[in-house]
Amino acid sequence: MQNIMAIVLPLATTDRLLSSAVLVGQKDGYPIFVSTLHQIGQCKEFKIGIPPHSGSISSIQEYPIDVVPAIDVDMIKADPIHDLAFFKGRTTDIRAPFPKINTDFNDISVGDELLVIGYPYSTLGSFLETASITNVSAKGRRIFMKTIKIDELIISHQTLQGSSGSAVVKRSDGSLCGIVKGTLAPPNVVSIGDIPLASDTNVTYVTFSSIINETLKTL
């Protein structure tokens with residue numbers, strides 16, 4: 001755990017929690033967060049919640065939490081191709097380390113051990129941050145509109161609705177390797193009548209982190 005540098009905090013709209021968001025850098029002293037775009041919907045106003053543990057996954061977390069302070073953030077870039085949304089805080093008071101962002105897809109190998117860090121129960125109103133160990137199941141290159149190539153990691157991780165936007169870090173060095181994008185799950189459990197023959201499983205897609213580094217340079 002000592003190598004983990006990614007700070008993950010819950011992203012919220014005015015009346016509910018949406019997902020997880022990762023602190024990835026700063027612009028003119030203002031913090032920059034990244035999450036996934038698909039859960040934003042028609043929301044226009046956003047906040048980043050600051051739970052008592054301040055996104056330090058190794059800390060003891062208290063719950064339930066009645067009041068959580070938050071900072072206002074503005075969505076400054078939407079990237080529908082990579083399903084990413086970038087947010088800029090309105091305060092310069094955030095003091096936290098930024099993660100080392102992995103930009104070399106060849107540095108990740110099938111079988112590598114990763115940690116998924118985020119708020120999988122945020123859509124239920126929970127501020128509990130969790131870390132789950134997983135492995136790279138495959139490396140993919142999604143072809144978009146026949147010309148755009150998107151690097152993705154496929155991991156064997158049970159993804160819940162609030163997991164979108166979670167940080168995926170390489171356990172060996174704590175580098176940020178990607179953002180949880182979504183899951184491909186079978187429509188139902190294989191069964192004969194009412195007797196299940198196999199449990200419901202899924203695989204999770206992770207947008208590789210190099211695009212985060214490229215985007216930060218253009219903000």
# chains A, B, ... in the order shown; residues from 1 in each chain; ligands from 1

$ residues_around --residues "stretch 60-76 of chain A" --least-positions-apart "2" --cutoff "6 Å" --atoms "only C-alpha atoms" --output "list in words"
Phe46, Lys47, Ile48, Gly49, Ile50, Pro51, Phe86, Phe87, Lys88, Gly89 and Arg90 of chain A

$ residues_around --residues "A:Leu18" --least-positions-apart "4" --cutoff "6 Å" --atoms "only C-alpha atoms" --output "PyMOL selection string"
chain A and resi 11-12+123

$ atom_distance --atom1 "atom CA of A:Gly55" --atom2 "atom CA of A:Gly118"
9.0 Å

$ atom_distance --atom1 "atom CA of A:Lys170" --atom2 "atom CA of A:Pro97"
16.6 Å

$ residues_around --residues "A:Gly41" --least-positions-apart "6" --cutoff "12 Å" --atoms "only C-alpha atoms" --output "number ranges by chain"
A: 13, 18, 78, 85

$ residues_around --residues "A:Val24" --least-positions-apart "2" --cutoff "12 Å" --atoms "only C-alpha atoms" --output "JSON list (two decimals) with N, CA and C atoms, in the first residue's frame"
[["chain", "number", "residue", "atom", "x", "y", "z"],
["A", 5, "MET", "N", -0.14, 6.11, -4.88],
["A", 5, "MET", "CA", -0.14, 7.56, -4.86],
["A", 5, "MET", "C", -1.47, 8.16, -5.30],
["A", 6, "ALA", "N", -2.32, 7.37, -5.95],
["A", 6, "ALA", "CA", -3.57, 7.91, -6.49],
["A", 6, "ALA", "C", -4.53, 8.28, -5.36],
["A", 7, "ILE", "N", -5.01, 9.52, -5.40],
["A", 7, "ILE", "CA", -6.04, 9.97, -4.48],
["A", 7, "ILE", "C", -7.37, 9.91, -5.23],
["A", 8, "VAL", "N", -8.30, 9.15, -4.69],
["A", 8, "VAL", "CA", -9.61, 8.98, -5.33],
["A", 8, "VAL", "C", -10.67, 9.54, -4.39],
["A", 9, "LEU", "N", -11.58, 10.33, -4.94],
["A", 9, "LEU", "CA", -12.63, 10.97, -4.15],
["A", 9, "LEU", "C", -13.96, 10.82, -4.88],
["A", 21, "ALA", "N", -13.69, 9.65, -8.74],
["A", 21, "ALA", "CA", -12.88, 10.58, -9.53],
["A", 21, "ALA", "C", -11.46, 10.56, -8.98],
["A", 22, "VAL", "N", -10.49, 10.66, -9.88],
["A", 22, "VAL", "CA", -9.08, 10.55, -9.52],
["A", 22, "VAL", "C", -8.39, 11.90, -9.67],
["A", 26, "GLN", "N", -2.72, 19.35, -11.81],
["A", 26, "GLN", "CA", -3.22, 20.67, -11.52],
["A", 26, "GLN", "C", -3.02, 21.59, -12.73],
["A", 27, "LYS", "N", -3.80, 22.67, -12.74],
["A", 27, "LYS", "CA", -3.69, 23.69, -13.78],
["A", 27, "LYS", "C", -3.75, 25.05, -13.11],
["A", 30, "TYR", "N", -4.90, 24.91, -9.60],
["A", 30, "TYR", "CA", -6.22, 24.32, -9.35],
["A", 30, "TYR", "C", -6.17, 22.83, -9.65],
["A", 31, "PRO", "N", -6.78, 22.01, -8.79],
["A", 31, "PRO", "CA", -6.70, 20.55, -8.98],
["A", 31, "PRO", "C", -7.49, 20.09, -10.19],
["A", 32, "ILE", "N", -6.98, 19.06, -10.85],
["A", 32, "ILE", "CA", -7.65, 18.44, -11.99],
["A", 32, "ILE", "C", -8.00, 17.00, -11.62],
["A", 33, "PHE", "N", -9.25, 16.66, -11.82],
["A", 33, "PHE", "CA", -9.75, 15.31, -11.56],
["A", 33, "PHE", "C", -10.24, 14.70, -12.87],
["A", 34, "VAL", "N", -10.19, 13.37, -12.93],
["A", 34, "VAL", "CA", -10.73, 12.69, -14.09],
["A", 34, "VAL", "C", -11.69, 11.59, -13.63],
["A", 35, "SER", "N", -12.77, 11.44, -14.36],
["A", 35, "SER", "CA", -13.73, 10.36, -14.10],
["A", 35, "SER", "C", -14.23, 9.89, -15.47],
["A", 86, "PHE", "N", -12.98, 15.48, -17.59],
["A", 86, "PHE", "CA", -11.97, 16.15, -16.78],
["A", 86, "PHE", "C", -12.62, 17.32, -16.05],
["A", 87, "PHE", "N", -12.27, 17.47, -14.79],
["A", 87, "PHE", "CA", -12.86, 18.50, -13.93],
["A", 87, "PHE", "C", -11.76, 19.34, -13.30],
["A", 88, "LYS", "N", -12.04, 20.63, -13.19],
["A", 88, "LYS", "CA", -11.10, 21.55, -12.56],
["A", 88, "LYS", "C", -11.74, 22.13, -11.31],
["A", 89, "GLY", "N", -11.04, 22.02, -10.18],
["A", 89, "GLY", "CA", -11.55, 22.57, -8.94],
["A", 89, "GLY", "C", -11.53, 24.09, -8.93],
["A", 96, "ALA", "N", -2.35, 17.55, -2.01],
["A", 96, "ALA", "CA", -2.29, 16.09, -2.08],
["A", 96, "ALA", "C", -1.32, 15.70, -3.17],
["A", 97, "PRO", "N", -0.70, 14.52, -3.06],
["A", 97, "PRO", "CA", 0.24, 14.08, -4.10],
["A", 97, "PRO", "C", -0.49, 13.68, -5.37],
["A", 98, "PHE", "N", 0.16, 13.91, -6.50],
["A", 98, "PHE", "CA", -0.38, 13.47, -7.78],
["A", 98, "PHE", "C", 0.25, 12.13, -8.13],
["A", 99, "PRO", "N", -0.47, 11.28, -8.81],
["A", 99, "PRO", "CA", 0.07, 9.95, -9.12],
["A", 99, "PRO", "C", 1.08, 9.99, -10.25],
["A", 100, "LYS", "N", 1.95, 9.01, -10.25],
["A", 100, "LYS", "CA", 2.78, 8.76, -11.42],
["A", 100, "LYS", "C", 1.89, 8.12, -12.47],
["A", 101, "ILE", "N", 1.80, 8.73, -13.65],
["A", 101, "ILE", "CA", 0.89, 8.25, -14.70],
["A", 101, "ILE", "C", 1.67, 7.37, -15.67],
["A", 102, "ASN", "N", 1.25, 6.15, -15.80],
["A", 102, "ASN", "CA", 1.92, 5.21, -16.70],
["A", 102, "ASN", "C", 1.53, 5.55, -18.14],
["A", 167, "ALA", "N", -9.66, 4.48, -9.90],
["A", 167, "ALA", "CA", -8.26, 4.40, -10.32],
["A", 167, "ALA", "C", -7.84, 2.94, -10.38],
["A", 175, "SER", "N", 1.90, 3.14, -9.85],
["A", 175, "SER", "CA", 1.61, 4.03, -10.98],
["A", 175, "SER", "C", 0.16, 3.87, -11.42],
["A", 176, "LEU", "N", -0.42, 4.99, -11.84],
["A", 176, "LEU", "CA", -1.79, 4.98, -12.36],
["A", 176, "LEU", "C", -1.78, 4.38, -13.76],
["A", 177, "CYS", "N", -2.52, 3.30, -13.94],
["A", 177, "CYS", "CA", -2.53, 2.59, -15.23],
["A", 177, "CYS", "C", -3.82, 2.81, -16.01],
["A", 178, "GLY", "N", -4.82, 3.35, -15.37],
["A", 178, "GLY", "CA", -6.05, 3.56, -16.11],
["A", 178, "GLY", "C", -7.22, 3.92, -15.22],
["A", 179, "ILE", "N", -8.37, 4.10, -15.87],
["A", 179, "ILE", "CA", -9.63, 4.47, -15.23],
["A", 179, "ILE", "C", -10.68, 3.42, -15.60],
["A", 209, "SER", "N", -4.03, 4.77, -19.18],
["A", 209, "SER", "CA", -3.76, 6.08, -18.61],
["A", 209, "SER", "C", -2.99, 7.04, -19.51],
["A", 210, "SER", "N", -2.41, 6.59, -20.61],
["A", 210, "SER", "CA", -1.62, 7.50, -21.44],
["A", 210, "SER", "C", -2.45, 8.67, -21.95],
["A", 211, "ILE", "N", -3.74, 8.45, -22.21],
["A", 211, "ILE", "CA", -4.59, 9.52, -22.71],
["A", 211, "ILE", "C", -4.77, 10.61, -21.65],
["A", 212, "ILE", "N", -4.70, 10.23, -20.37],
["A", 212, "ILE", "CA", -4.80, 11.23, -19.30],
["A", 212, "ILE", "C", -3.62, 12.18, -19.37],
["A", 213, "ASN", "N", -2.43, 11.61, -19.50],
["A", 213, "ASN", "CA", -1.22, 12.42, -19.57],
["A", 213, "ASN", "C", -1.26, 13.35, -20.80],
["A", 214, "GLU", "N", -1.72, 12.82, -21.93],
["A", 214, "GLU", "CA", -1.80, 13.63, -23.15],
["A", 214, "GLU", "C", -2.78, 14.78, -22.98],
["A", 215, "THR", "N", -3.90, 14.50, -22.33],
["A", 215, "THR", "CA", -4.93, 15.53, -22.15],
["A", 215, "THR", "C", -4.46, 16.62, -21.19],
["A", 216, "LEU", "N", -3.78, 16.24, -20.13],
["A", 216, "LEU", "CA", -3.30, 17.23, -19.16],
["A", 216, "LEU", "C", -2.40, 18.27, -19.83],
["A", 217, "LYS", "N", -1.67, 17.87, -20.85],
["A", 217, "LYS", "CA", -0.79, 18.80, -21.53],
["A", 217, "LYS", "C", -1.54, 19.83, -22.35]]

$ closest_residue --among "A:Thr159, A:Thr36, A:Thr103, A:Thr14" --to "A:Lys181" --atoms "only C-alpha atoms"
A:Thr36

$ select_by_dssp --residues "chain A" --states "strand (DSSP E)" --output "ChimeraX atom specification"
/A:7-12,17-27,30-36,46-49,70-79,84-89,113-118,130-144,148-155,167-170,176-184,191-192,195-196,203-208

$ write_last_selection --atoms "C-alpha atoms" --output "mmCIF file, in the first residue's frame"
data_model
loop_
_atom_site.group_PDB
_atom_site.id
_atom_site.type_symbol
_atom_site.label_atom_id
_atom_site.label_comp_id
_atom_site.auth_asym_id
_atom_site.auth_seq_id
_atom_site.Cartn_x
_atom_site.Cartn_y
_atom_site.Cartn_z
ATOM 1 C CA ILE A 7 -6.042 9.973 -4.481
ATOM 2 C CA VAL A 8 -9.612 8.980 -5.331
ATOM 3 C CA LEU A 9 -12.627 10.973 -4.149
ATOM 4 C CA PRO A 10 -16.369 10.731 -4.802
ATOM 5 C CA LEU A 11 -17.857 12.794 -7.621
ATOM 6 C CA ALA A 12 -21.298 14.233 -6.945
ATOM 7 C CA LEU A 17 -23.199 10.809 -5.684
ATOM 8 C CA LEU A 18 -22.296 9.789 -9.226
ATOM 9 C CA SER A 19 -19.029 7.874 -9.279
ATOM 10 C CA SER A 20 -15.359 7.919 -8.377
ATOM 11 C CA ALA A 21 -12.880 10.584 -9.528
ATOM 12 C CA VAL A 22 -9.077 10.550 -9.516
ATOM 13 C CA LEU A 23 -6.851 13.510 -8.726
ATOM 14 C CA VAL A 24 -4.378 13.528 -11.616
ATOM 15 C CA GLY A 25 -2.721 16.950 -11.692
ATOM 16 C CA GLN A 26 -3.222 20.673 -11.522
ATOM 17 C CA LYS A 27 -3.693 23.686 -13.785
ATOM 18 C CA TYR A 30 -6.216 24.322 -9.349
ATOM 19 C CA PRO A 31 -6.702 20.554 -8.982
ATOM 20 C CA ILE A 32 -7.647 18.439 -11.988
ATOM 21 C CA PHE A 33 -9.754 15.314 -11.561
ATOM 22 C CA VAL A 34 -10.735 12.686 -14.094
ATOM 23 C CA SER A 35 -13.728 10.361 -14.103
ATOM 24 C CA THR A 36 -15.820 8.590 -16.713
ATOM 25 C CA PHE A 46 -20.530 19.035 -9.904
ATOM 26 C CA LYS A 47 -18.754 18.657 -6.588
ATOM 27 C CA ILE A 48 -15.910 16.530 -5.252
ATOM 28 C CA GLY A 49 -16.627 15.170 -1.788
ATOM 29 C CA ALA A 70 -17.069 19.293 -0.839
ATOM 30 C CA ILE A 71 -15.380 21.526 -3.372
ATOM 31 C CA ASP A 72 -17.084 22.844 -6.479
ATOM 32 C CA VAL A 73 -15.586 21.661 -9.750
ATOM 33 C CA ASP A 74 -16.266 22.494 -13.390
ATOM 34 C CA MET A 75 -16.172 19.954 -16.194
ATOM 35 C CA ILE A 76 -13.579 21.420 -18.536
ATOM 36 C CA LYS A 77 -13.248 18.640 -21.089
ATOM 37 C CA ALA A 78 -15.404 15.767 -22.263
ATOM 38 C CA ASP A 79 -13.770 12.974 -24.240
ATOM 39 C CA LEU A 84 -13.471 10.415 -19.879
ATOM 40 C CA ALA A 85 -14.488 13.681 -18.229
ATOM 41 C CA PHE A 86 -11.975 16.148 -16.779
ATOM 42 C CA PHE A 87 -12.864 18.495 -13.932
ATOM 43 C CA LYS A 88 -11.099 21.553 -12.556
ATOM 44 C CA GLY A 89 -11.553 22.571 -8.938
ATOM 45 C CA GLU A 113 -1.302 -7.473 -10.272
ATOM 46 C CA LEU A 114 -3.372 -4.303 -10.029
ATOM 47 C CA LEU A 115 -5.457 -2.506 -7.445
ATOM 48 C CA VAL A 116 -8.833 -0.958 -8.226
ATOM 49 C CA ILE A 117 -9.418 1.985 -5.889
ATOM 50 C CA GLY A 118 -12.714 3.821 -5.709
ATOM 51 C CA THR A 130 -12.285 0.313 -1.182
ATOM 52 C CA ALA A 131 -9.252 -1.270 -2.801
ATOM 53 C CA SER A 132 -9.591 -4.598 -4.615
ATOM 54 C CA ILE A 133 -6.770 -6.751 -5.940
ATOM 55 C CA THR A 134 -7.140 -7.913 -9.532
ATOM 56 C CA ASN A 135 -4.999 -8.964 -12.469
ATOM 57 C CA VAL A 136 -4.651 -8.004 -16.102
ATOM 58 C CA SER A 137 -6.654 -10.611 -17.991
ATOM 59 C CA ALA A 138 -5.907 -9.235 -21.456
ATOM 60 C CA LYS A 139 -4.695 -6.166 -23.291
ATOM 61 C CA GLY A 140 -6.999 -4.755 -25.925
ATOM 62 C CA ARG A 141 -6.935 -2.158 -28.656
ATOM 63 C CA ARG A 142 -10.445 -0.989 -29.466
ATOM 64 C CA ILE A 143 -10.937 0.224 -33.040
ATOM 65 C CA PHE A 144 -13.224 3.248 -33.222
ATOM 66 C CA ILE A 148 -8.927 5.514 -33.998
ATOM 67 C CA LYS A 149 -7.169 3.001 -31.763
ATOM 68 C CA ILE A 150 -7.903 3.018 -28.025
ATOM 69 C CA ASP A 151 -5.684 1.052 -25.636
ATOM 70 C CA GLU A 152 -7.589 -0.773 -22.917
ATOM 71 C CA LEU A 153 -6.833 -3.194 -20.116
ATOM 72 C CA ILE A 154 -9.269 -6.012 -19.464
ATOM 73 C CA ILE A 155 -9.336 -7.059 -15.823
ATOM 74 C CA ALA A 167 -8.265 4.397 -10.320
ATOM 75 C CA VAL A 168 -6.454 1.280 -11.499
ATOM 76 C CA VAL A 169 -2.895 1.225 -10.222
ATOM 77 C CA LYS A 170 -0.011 -1.161 -10.705
ATOM 78 C CA LEU A 176 -1.787 4.975 -12.361
ATOM 79 C CA CYS A 177 -2.532 2.588 -15.228
ATOM 80 C CA GLY A 178 -6.050 3.561 -16.107
ATOM 81 C CA ILE A 179 -9.628 4.466 -15.232
ATOM 82 C CA VAL A 180 -12.417 1.928 -14.840
ATOM 83 C CA LYS A 181 -14.705 2.402 -17.813
ATOM 84 C CA GLY A 182 -17.358 -0.285 -17.654
ATOM 85 C CA THR A 183 -18.197 -3.927 -17.845
ATOM 86 C CA LEU A 184 -19.347 -6.582 -20.254
ATOM 87 C CA SER A 191 -29.820 -22.267 -16.195
ATOM 88 C CA ILE A 192 -32.184 -25.140 -16.830
ATOM 89 C CA ILE A 195 -31.811 -24.308 -11.585
ATOM 90 C CA PRO A 196 -28.707 -22.131 -12.150
ATOM 91 C CA VAL A 203 -15.056 -8.549 -17.226
ATOM 92 C CA THR A 204 -14.137 -4.920 -16.757
ATOM 93 C CA TYR A 205 -12.635 -2.536 -19.300
ATOM 94 C CA VAL A 206 -10.069 0.040 -18.218
ATOM 95 C CA THR A 207 -9.125 3.062 -20.324
ATOM 96 C CA PHE A 208 -5.325 3.103 -20.346
#

$ select_by_dssp --residues "stretch 34-215 of chain A" --states "helix (DSSP H, G or I)" --output "NGL selection string"
:A and (105-107 or 122-124 or 161-163 or 210-215)

$ atom_distance --atom1 "atom CA of A:Cys43" --atom2 "atom CA of A:Ser163"
18.3 Å
